[in-house]
$ cat start_31.pdb   # PDB, C-alpha atoms, pLDDT in the B column
ATOM      1  CA  LEU U 870      86.896 115.348  52.424  1.00 62.00           C
ATOM      2  CA  GLY U 871      90.008 114.562  50.430  1.00 64.00           C
ATOM      3  CA  VAL U 872      88.710 111.101  49.563  1.00 63.00           C
ATOM      4  CA  ALA U 873      85.280 112.528  48.700  1.00 66.00           C
ATOM      5  CA  TYR U 874      86.812 115.012  46.251  1.00 62.00           C
ATOM      6  CA  ALA U 875      89.182 112.396  44.828  1.00 65.00           C
ATOM      7  CA  LEU U 876      86.340 109.971  44.123  1.00 60.00           C
ATOM      8  CA  GLY U 877      83.603 112.500  43.399  1.00 70.00           C
ATOM      9  CA  SER U 878      81.531 111.014  46.205  1.00 63.00           C
ATOM     10  CA  GLY U 879      78.724 113.362  47.254  1.00 64.00           C
ATOM     11  CA  ARG U 880      80.422 116.313  45.558  1.00 72.00           C
ATOM     12  CA  PRO U 881      81.997 117.098  42.165  1.00 70.00           C
ATOM     13  CA  LYS U 882      85.252 115.259  41.573  1.00 74.00           C
ATOM     14  CA  ASP U 883      88.172 117.651  42.068  1.00 75.00           C
ATOM     15  CA  GLU U 884      91.637 116.092  42.333  1.00 84.00           C
ATOM     16  CA  GLU U 885      93.344 119.402  43.147  1.00 86.00           C
ATOM     17  CA  LYS U 886      91.029 119.971  46.107  1.00 86.00           C
ATOM     18  CA  ALA U 887      91.639 116.385  47.184  1.00 91.00           C
ATOM     19  CA  VAL U 888      95.389 117.054  47.142  1.00 91.00           C
ATOM     20  CA  ALA U 889      94.900 120.186  49.268  1.00 90.00           C
ATOM     21  CA  TYR U 890      92.983 118.248  51.921  1.00 88.00           C
ATOM     22  CA  TYR U 891      95.487 115.375  51.852  1.00 91.00           C
ATOM     23  CA  GLN U 892      98.342 117.867  52.151  1.00 94.00           C
ATOM     24  CA  HIS U 893      96.766 119.470  55.210  1.00 92.00           C
ATOM     25  CA  ALA U 894      96.303 116.086  56.860  1.00 93.00           C
ATOM     26  CA  ALA U 895      99.835 115.004  55.944  1.00 94.00           C
ATOM     27  CA  ASP U 896     101.288 118.214  57.379  1.00 95.00           C
ATOM     28  CA  THR U 897      99.632 117.479  60.708  1.00 94.00           C
ATOM     29  CA  GLY U 898     101.329 114.071  60.780  1.00 95.00           C
ATOM     30  CA  SER U 899      98.399 111.920  59.662  1.00 94.00           C
ATOM     31  CA  ALA U 900      99.662 108.621  58.247  1.00 95.00           C
ATOM     32  CA  ILE U 901      96.456 108.241  56.237  1.00 93.00           C
ATOM     33  CA  GLY U 902      96.880 111.734  54.805  1.00 94.00           C
ATOM     34  CA  GLN U 903     100.493 110.977  53.903  1.00 96.00           C
ATOM     35  CA  TYR U 904      99.442 107.742  52.223  1.00 95.00           C
ATOM     36  CA  PHE U 905      96.685 109.273  50.120  1.00 94.00           C
ATOM     37  CA  LEU U 906      98.859 112.241  49.180  1.00 95.00           C
ATOM     38  CA  GLY U 907     101.535 109.746  48.158  1.00 96.00           C
ATOM     39  CA  THR U 908      99.098 107.969  45.852  1.00 95.00           C
ATOM     40  CA  MET U 909      98.274 111.280  44.167  1.00 93.00           C
ATOM     41  CA  TYR U 910     101.956 112.028  43.532  1.00 96.00           C
ATOM     42  CA  GLU U 911     102.594 108.468  42.385  1.00 96.00           C
ATOM     43  CA  ARG U 912      99.807 108.644  39.805  1.00 94.00           C
ATOM     44  CA  GLY U 913     100.077 112.320  38.907  1.00 95.00           C
ATOM     45  CA  LEU U 914      96.542 113.139  40.002  1.00 92.00           C
ATOM     46  CA  GLY U 915      95.973 116.785  40.952  1.00 93.00           C
ATOM     47  CA  VAL U 916      99.745 117.315  41.046  1.00 95.00           C
ATOM     48  CA  PRO U 917     102.618 116.614  38.629  1.00 95.00           C
ATOM     49  CA  GLN U 918     103.697 112.988  38.913  1.00 96.00           C
ATOM     50  CA  ASP U 919     106.624 112.700  41.315  1.00 97.00           C
ATOM     51  CA  HIS U 920     107.727 109.213  42.371  1.00 97.00           C
ATOM     52  CA  SER U 921     110.379 110.581  44.728  1.00 97.00           C
ATOM     53  CA  GLN U 922     107.821 112.638  46.643  1.00 97.00           C
ATOM     54  CA  ALA U 923     105.449 109.668  46.731  1.00 97.00           C
ATOM     55  CA  PHE U 924     108.248 107.524  48.127  1.00 98.00           C
ATOM     56  CA  ARG U 925     109.009 110.036  50.879  1.00 97.00           C
ATOM     57  CA  LEU U 926     105.350 110.241  51.883  1.00 97.00           C
ATOM     58  CA  TYR U 927     104.945 106.458  51.957  1.00 97.00           C
ATOM     59  CA  ALA U 928     108.092 106.204  54.080  1.00 97.00           C
ATOM     60  CA  LYS U 929     106.703 108.681  56.624  1.00 97.00           C
ATOM     61  CA  ALA U 930     103.389 106.847  56.842  1.00 97.00           C
ATOM     62  CA  SER U 931     105.072 103.449  57.029  1.00 97.00           C
ATOM     63  CA  THR U 932     107.137 104.495  60.044  1.00 97.00           C
ATOM     64  CA  GLN U 933     103.826 105.179  61.775  1.00 96.00           C
ATOM     65  CA  GLY U 934     102.664 101.644  61.101  1.00 96.00           C
ATOM     66  CA  HIS U 935     100.481 102.318  58.047  1.00 97.00           C
ATOM     67  CA  THR U 936     100.453  98.910  56.361  1.00 97.00           C
ATOM     68  CA  SER U 937      99.365  99.979  52.869  1.00 96.00           C
ATOM     69  CA  SER U 938     102.203 102.512  52.808  1.00 97.00           C
ATOM     70  CA  THR U 939     104.659  99.748  53.671  1.00 98.00           C
ATOM     71  CA  THR U 940     103.359  97.801  50.686  1.00 97.00           C
ATOM     72  CA  ARG U 941     103.718 100.838  48.395  1.00 97.00           C
ATOM     73  CA  LEU U 942     107.300 101.265  49.623  1.00 97.00           C
ATOM     74  CA  GLY U 943     107.947  97.647  48.683  1.00 97.00           C
ATOM     75  CA  LEU U 944     106.570  98.253  45.206  1.00 97.00           C
ATOM     76  CA  ALA U 945     108.786 101.340  44.879  1.00 97.00           C
ATOM     77  CA  TYR U 946     111.906  99.372  45.812  1.00 97.00           C
ATOM     78  CA  GLN U 947     110.882  96.516  43.526  1.00 97.00           C
ATOM     79  CA  ALA U 948     110.481  98.784  40.494  1.00 96.00           C
ATOM     80  CA  GLY U 949     113.035 101.452  41.406  1.00 96.00           C
ATOM     81  CA  ASN U 950     110.408 104.202  41.430  1.00 95.00           C
ATOM     82  CA  GLY U 951     111.519 107.221  43.444  1.00 96.00           C
ATOM     83  CA  THR U 952     114.396 105.281  44.967  1.00 97.00           C
ATOM     84  CA  ARG U 953     117.074 102.790  44.028  1.00 96.00           C
ATOM     85  CA  LYS U 954     115.914  99.384  42.850  1.00 97.00           C
ATOM     86  CA  ASP U 955     116.365  96.946  45.720  1.00 97.00           C
ATOM     87  CA  PRO U 956     114.444  93.654  45.446  1.00 97.00           C
ATOM     88  CA  GLN U 957     115.819  92.399  48.771  1.00 97.00           C
ATOM     89  CA  ARG U 958     114.413  95.456  50.543  1.00 98.00           C
ATOM     90  CA  ALA U 959     111.140  94.976  48.662  1.00 98.00           C
ATOM     91  CA  ILE U 960     110.905  91.405  49.938  1.00 97.00           C
ATOM     92  CA  THR U 961     111.444  92.570  53.525  1.00 97.00           C
ATOM     93  CA  LEU U 962     108.735  95.230  53.257  1.00 98.00           C
ATOM     94  CA  PHE U 963     106.273  92.936  51.487  1.00 98.00           C
ATOM     95  CA  ARG U 964     106.770  90.288  54.153  1.00 97.00           C
ATOM     96  CA  LYS U 965     106.187  92.817  56.936  1.00 97.00           C
ATOM     97  CA  ALA U 966     102.941  94.044  55.374  1.00 97.00           C
ATOM     98  CA  ALA U 967     101.867  90.540  54.332  1.00 97.00           C
ATOM     99  CA  GLU U 968     102.164  89.293  57.891  1.00 97.00           C
ATOM    100  CA  LEU U 969      99.872  92.152  58.912  1.00 97.00           C
ATOM    101  CA  GLY U 970      97.279  90.933  56.409  1.00 96.00           C
ATOM    102  CA  ASP U 971      97.738  93.258  53.408  1.00 97.00           C
ATOM    103  CA  ASP U 972      96.522  91.289  50.381  1.00 97.00           C
ATOM    104  CA  LEU U 973      98.570  93.248  47.814  1.00 97.00           C
ATOM    105  CA  ALA U 974     101.712  92.617  49.880  1.00 97.00           C
ATOM    106  CA  GLN U 975     100.834  88.930  50.134  1.00 97.00           C
ATOM    107  CA  LEU U 976     100.407  88.682  46.371  1.00 97.00           C
ATOM    108  CA  SER U 977     103.582  90.670  45.654  1.00 97.00           C
ATOM    109  CA  LEU U 978     105.616  88.601  48.103  1.00 97.00           C
ATOM    110  CA  GLY U 979     104.234  85.388  46.665  1.00 96.00           C
ATOM    111  CA  LEU U 980     105.126  86.337  43.111  1.00 96.00           C
ATOM    112  CA  MET U 981     108.664  87.340  44.097  1.00 96.00           C
ATOM    113  CA  LEU U 982     109.135  83.991  45.841  1.00 96.00           C
ATOM    114  CA  VAL U 983     107.831  82.092  42.809  1.00 94.00           C
ATOM    115  CA  ARG U 984     110.161  84.056  40.520  1.00 93.00           C
ATOM    116  CA  GLY U 985     113.124  83.866  42.852  1.00 94.00           C
ATOM    117  CA  GLU U 986     113.333  87.664  42.678  1.00 94.00           C
ATOM    118  CA  GLY U 987     115.353  89.211  45.506  1.00 91.00           C
ATOM    119  CA  THR U 988     115.435  85.861  47.280  1.00 92.00           C
ATOM    120  CA  SER U 989     115.918  82.172  46.586  1.00 92.00           C
ATOM    121  CA  GLU U 990     113.103  80.612  44.589  1.00 93.00           C
ATOM    122  CA  ASN U 991     110.434  78.999  46.741  1.00 94.00           C
ATOM    123  CA  VAL U 992     107.285  78.213  44.786  1.00 91.00           C
ATOM    124  CA  ALA U 993     105.612  76.370  47.660  1.00 92.00           C
ATOM    125  CA  GLU U 994     105.825  79.330  50.036  1.00 95.00           C
ATOM    126  CA  GLY U 995     105.021  81.730  47.215  1.00 95.00           C
ATOM    127  CA  MET U 996     101.807  79.864  46.482  1.00 94.00           C
ATOM    128  CA  GLN U 997     100.864  79.994  50.149  1.00 96.00           C
ATOM    129  CA  TRP U 998     101.102  83.786  50.175  1.00 97.00           C
ATOM    130  CA  ILE U 999      99.230  84.089  46.887  1.00 96.00           C
ATOM    131  CA  GLY U1000      96.577  81.815  48.386  1.00 96.00           C
ATOM    132  CA  LYS U1001      96.281  84.066  51.442  1.00 97.00           C
ATOM    133  CA  ALA U1002      95.693  87.061  49.171  1.00 97.00           C
ATOM    134  CA  ALA U1003      93.121  85.070  47.203  1.00 96.00           C
ATOM    135  CA  ASP U1004      91.328  84.128  50.428  1.00 96.00           C
ATOM    136  CA  GLN U1005      90.897  87.843  51.116  1.00 95.00           C
ATOM    137  CA  GLY U1006      89.159  88.318  47.777  1.00 95.00           C
ATOM    138  CA  ASN U1007      92.070  89.653  45.706  1.00 95.00           C
ATOM    139  CA  ALA U1008      90.823  88.850  42.193  1.00 94.00           C
ATOM    140  CA  ARG U1009      94.256  88.745  40.556  1.00 94.00           C
ATOM    141  CA  ALA U1010      95.566  86.451  43.291  1.00 95.00           C
ATOM    142  CA  LYS U1011      92.596  84.128  42.806  1.00 94.00           C
ATOM    143  CA  GLU U1012      93.293  83.751  39.095  1.00 93.00           C
ATOM    144  CA  ILE U1013      97.044  83.292  39.549  1.00 92.00           C
ATOM    145  CA  TYR U1014      96.588  80.769  42.338  1.00 91.00           C
ATOM    146  CA  ALA U1015      94.055  78.797  40.303  1.00 90.00           C
ATOM    147  CA  THR U1016      96.489  78.629  37.387  1.00 88.00           C
ATOM    148  CA  LEU U1017      99.436  77.488  39.492  1.00 84.00           C
ATOM    149  CA  GLU U1018      97.275  75.061  41.460  1.00 82.00           C
ATOM    150  CA  SER U1019      96.029  73.409  38.263  1.00 79.00           C
ATOM    151  CA  LEU U1020      99.526  72.597  37.015  1.00 74.00           C
ATOM    152  CA  PRO U1021     100.365  68.862  37.082  1.00 66.00           C
ATOM    153  CA  ASP U1022     102.359  67.799  40.126  1.00 57.00           C
ATOM    154  CA  THR U1023     104.349  64.580  40.351  1.00 33.00           C
ATOM    155  CA  THR U1024     105.102  64.972  44.057  1.00 35.00           C
ATOM    156  CA  GLN U1025     103.313  66.056  47.195  1.00 40.00           C
ATOM    157  CA  LYS U1026     103.289  69.760  47.974  1.00 44.00           C
ATOM    158  CA  ALA U1027     106.412  70.845  49.826  1.00 41.00           C
ATOM    159  CA  GLU U1028     106.327  72.490  53.229  1.00 44.00           C
ATOM    160  CA  PRO U1029     107.101  76.239  53.118  1.00 45.00           C
ATOM    161  CA  ALA U1030     110.695  75.800  54.289  1.00 42.00           C
ATOM    162  CA  ALA U1031     111.492  72.924  51.948  1.00 41.00           C
ATOM    163  CA  PRO U1032     112.474  73.691  48.341  1.00 41.00           C
ATOM    164  CA  SER U1033     110.340  71.857  45.799  1.00 44.00           C
ATOM    165  CA  THR U1034     111.827  70.038  42.837  1.00 43.00           C
ATOM    166  CA  SER U1035     108.545  68.893  41.289  1.00 50.00           C
ATOM    167  CA  SER U1036     107.682  69.434  37.652  1.00 53.00           C
ATOM    168  CA  ARG U1037     104.857  71.645  38.817  1.00 53.00           C
ATOM    169  CA  THR U1038     107.314  73.919  40.616  1.00 56.00           C
ATOM    170  CA  ALA U1039     109.451  74.302  37.519  1.00 57.00           C
ATOM    171  CA  LYS U1040     106.429  74.936  35.315  1.00 54.00           C
ATOM    172  CA  ALA U1041     105.035  77.526  37.735  1.00 59.00           C
ATOM    173  CA  SER U1042     108.299  79.445  37.635  1.00 56.00           C
ATOM    174  CA  GLU U1043     108.347  79.294  33.839  1.00 57.00           C
ATOM    175  CA  ILE U1044     104.831  80.665  33.605  1.00 57.00           C
ATOM    176  CA  VAL U1045     105.497  83.567  35.951  1.00 59.00           C
ATOM    177  CA  ARG U1046     108.696  84.397  34.090  1.00 55.00           C
ATOM    178  CA  ALA U1047     106.837  84.229  30.770  1.00 51.00           C
ATOM    179  CA  ILE U1048     104.344  86.779  32.019  1.00 52.00           C
ATOM    180  CA  ASP U1049     107.234  88.922  33.254  1.00 53.00           C
ATOM    181  CA  ASN U1050     108.614  88.930  29.714  1.00 49.00           C
ATOM    182  CA  LEU U1051     105.669  90.965  28.438  1.00 43.00           C
ATOM    183  CA  SER U1052     106.833  94.305  27.079  1.00 38.00           C
ATOM    184  CA  GLU U1053     107.142  97.415  29.222  1.00 43.00           C
ATOM    185  CA  ASN U1054     104.295  98.897  27.212  1.00 45.00           C
ATOM    186  CA  ALA U1055     102.054  96.072  28.387  1.00 48.00           C
ATOM    187  CA  GLU U1056     103.061  96.698  31.957  1.00 47.00           C
ATOM    188  CA  ARG U1057     102.236 100.402  31.758  1.00 47.00           C
ATOM    189  CA  VAL U1058      98.836  99.688  30.236  1.00 45.00           C
ATOM    190  CA  ILE U1059      98.046  97.026  32.808  1.00 44.00           C
ATOM    191  CA  VAL U1060      99.104  99.141  35.774  1.00 47.00           C
ATOM    192  CA  ALA U1061      96.904 101.987  34.560  1.00 46.00           C
ATOM    193  CA  LEU U1062      93.942  99.635  34.318  1.00 44.00           C
ATOM    194  CA  ILE U1063      94.606  98.054  37.719  1.00 41.00           C
ATOM    195  CA  GLU U1064      94.698 101.503  39.280  1.00 46.00           C
ATOM    196  CA  GLY U1065      91.402 102.434  37.664  1.00 46.00           C
ATOM    197  CA  ASP U1066      93.092 105.057  35.572  1.00 45.00           C
ATOM    198  CA  GLY U1067      92.218 103.800  32.106  1.00 45.00           C
ATOM    199  CA  ARG U1068      91.261 107.281  30.945  1.00 45.00           C
ATOM    200  CA  ARG U1069      94.960 108.129  30.798  1.00 44.00           C
ATOM    201  CA  LEU U1070      95.655 105.465  28.187  1.00 44.00           C
ATOM    202  CA  SER U1071      96.331 106.618  24.662  1.00 45.00           C
ATOM    203  CA  ALA U1072      94.555 105.211  21.628  1.00 44.00           C
ATOM    204  CA  GLY U1073      97.760 103.320  20.867  1.00 44.00           C
ATOM    205  CA  ASN U1074      97.691 101.777  24.331  1.00 44.00           C
ATOM    206  CA  MET U1075      94.121 100.611  23.814  1.00 43.00           C
ATOM    207  CA  THR U1076      95.025  99.118  20.440  1.00 43.00           C
ATOM    208  CA  PHE U1077      97.923  97.371  22.124  1.00 43.00           C
ATOM    209  CA  LEU U1078      95.522  95.699  24.546  1.00 45.00           C
ATOM    210  CA  GLY U1079      93.883  94.021  21.584  1.00 44.00           C
ATOM    211  CA  GLY U1080      97.109  92.240  20.812  1.00 46.00           C
ATOM    212  CA  LEU U1081      97.887  91.311  24.387  1.00 45.00           C
ATOM    213  CA  ALA U1082      95.844  88.113  24.329  1.00 42.00           C
ATOM    214  CA  GLY U1083      97.732  86.940  21.265  1.00 43.00           C
ATOM    215  CA  GLY U1084     101.029  87.504  23.006  1.00 43.00           C
ATOM    216  CA  LEU U1085      99.912  85.526  26.019  1.00 42.00           C
ATOM    217  CA  THR U1086      98.721  82.700  23.777  1.00 39.00           C
ATOM    218  CA  SER U1087     102.197  82.506  22.267  1.00 42.00           C
ATOM    219  CA  GLN U1088     103.710  82.323  25.738  1.00 42.00           C
ATOM    220  CA  CYS U1089     101.348  79.494  26.652  1.00 41.00           C
ATOM    221  CA  GLN U1090     102.152  77.585  23.482  1.00 41.00           C
ATOM    222  CA  ALA U1091     105.839  77.969  24.169  1.00 41.00           C
ATOM    223  CA  LEU U1092     105.224  76.345  27.530  1.00 42.00           C
ATOM    224  CA  GLU U1093     103.105  73.604  25.930  1.00 41.00           C
ATOM    225  CA  ASN U1094     100.215  74.824  28.031  1.00 43.00           C
ATOM    226  CA  PRO U1095      97.771  76.500  25.608  1.00 38.00           C
ATOM    227  CA  GLY U1096      94.762  75.473  27.662  1.00 40.00           C
ATOM    228  CA  LYS U1097      95.690  77.938  30.380  1.00 40.00           C
ATOM    229  CA  MET U1098      94.975  81.019  28.248  1.00 38.00           C
ATOM    230  CA  THR U1099      92.013  82.343  30.209  1.00 39.00           C
ATOM    231  CA  ALA U1100      93.564  81.963  33.623  1.00 39.00           C
ATOM    232  CA  LEU U1101      96.966  83.191  32.487  1.00 38.00           C
ATOM    233  CA  THR U1102      95.441  86.471  31.374  1.00 39.00           C
ATOM    234  CA  ALA U1103      94.982  87.153  35.094  1.00 39.00           C
ATOM    235  CA  PHE U1104      98.738  87.426  35.566  1.00 40.00           C
ATOM    236  CA  ALA U1105      98.584  90.632  33.558  1.00 37.00           C
ATOM    237  CA  THR U1106      95.216  91.919  34.646  1.00 36.00           C
TER     238      THR U1106
END

$ encode --input "start_31.pdb" --output "C-alpha cells"
Amino acid sequence: LGVAYALGSGRPKDEEKAVAYYQHAADTGSAIGQYFLGTMYERGLGVPQDHSQAFRLYAKASTQGHTSSTTRLGLAYQAGNGTRKDPQRAITLFRKAAELGDDLAQLSLGLMLVRGEGTSENVAEGMQWIGKAADQGNARAKEIYATLESLPDTTQKAEPAAPSTSSRTAKASEIVRAIDNLSENAERVIVALIEGDGRRLSAGNMTFLGGLAGGLTSQCQALENPGKMTALTAFAT
C-alpha cells in the first residue's frame, strides 16, 4: 500500500500515507519497508528531508541483505550525506552490491574506478562494470559506455587487474573528470531529474538546464573532442 500511495497507483497519490505504511513495515523489521522509508527521508517526500535518518534506515536494511539499500549507503558515503564522506567505504559497498547484480552500484563503482576516486585509477575495470550496468538496461550506463568505448585506443584493452596506459585510458579519465567539474547547481538539477522529482526544480533551475549543453560543449572542446557532445550529455543525465 505504501508504494501504491507513493506512486498514486490505483488510488490518489498521498506521500504522507505512503510514509505511514512504510514506517509500519520498517518498525516490524521489514528491509523493504526500511528502504522505501529511507528514500522518502532522503528526498523529503511526505516527511522533512533528513539524510541522517535515511542513512540509518538504509544501514538497517543493508544488514538484512537488501542490495538496493547497500547501494544507497554507498552513495551516502560517496557524497557525505547523513554520514562522513568516505570514498573508500563507498567503493566497498558499491562492489558488494555490484557483485549481487545491482546496476546502479555497477555504474557507480565503474565511474569511481575510472576517476580513481577512493581507489587507484583503473579505467579497464571501470568500463567493465559500466558495461555490466549497460547490459542490464541502465540508460545512463549505456550512454557513458558508448562514449568511452568510442574513444581512440592505441593499444589492446587491458585485463581488469592490469593498469592501462593507453591514450584512450587517459582520455576517458579526462572526460569523466570534466563532467565532474560541472557546478554543484548542475548536480542538484540532474539528481532531481534522475529521481523523477523535476517538479521540485525552481524556475532558475530550469533556466540553468538550458545552459547546461553549452557548458558540456566547452568541456568537449577543451578535450579536443567536440563530436562527443550528444553522448557526453549522458554523463549528466

$ resolve_selection --input "start_31.pdb" --expression "the PyMOL selection byres ((chain U and resi 899-915) around 8)" --output "MDAnalysis selection string"
chainID U and resid 883:888 891:898 916:920 922:927 929:931 933 935 937:938

$ atom_distance --input "start_31.pdb" --atom1 "CA of Ile999 in chain U" --atom2 "CA of Ser977 in chain U"
8.0 Å

$ resolve_selection --input "start_31.pdb" --expression "the PyMOL selection byres ((chain U and resi 948-958) around 7)" --output "number ranges by chain"
U: 920-921, 924, 944-947, 959-962, 986-988

$ atom_distance --input "start_31.pdb" --atom1 "CA of Thr939 in chain U" --atom2 "CA of Ala966 in chain U"
6.2 Å

$ resolve_selection --input "start_31.pdb" --expression "the PyMOL selection byres ((chain U and resi 975) around 8)" --output "list of chain:residue names"
U:Phe963, U:Arg964, U:Ala966, U:Ala967, U:Glu968, U:Gly970, U:Asp971, U:Asp972, U:Leu973, U:Ala974, U:Leu976, U:Ser977, U:Leu978, U:Gly979, U:Trp998, U:Ile999, U:Lys1001, U:Ala1002

$ atom_distance --input "start_31.pdb" --atom1 "CA of Ala1015 in chain U" --atom2 "CA of Leu942 in chain U"
27.7 Å

$ axis_aligned_box --input "start_31.pdb" --around "range 920-925 of chain U" --padding-each-side "3 Å" --output "JSON"
{"center_x": 107.9, "center_y": 110.1, "center_z": 46.6, "size_x": 10.9, "size_y": 11.1, "size_z": 14.5}
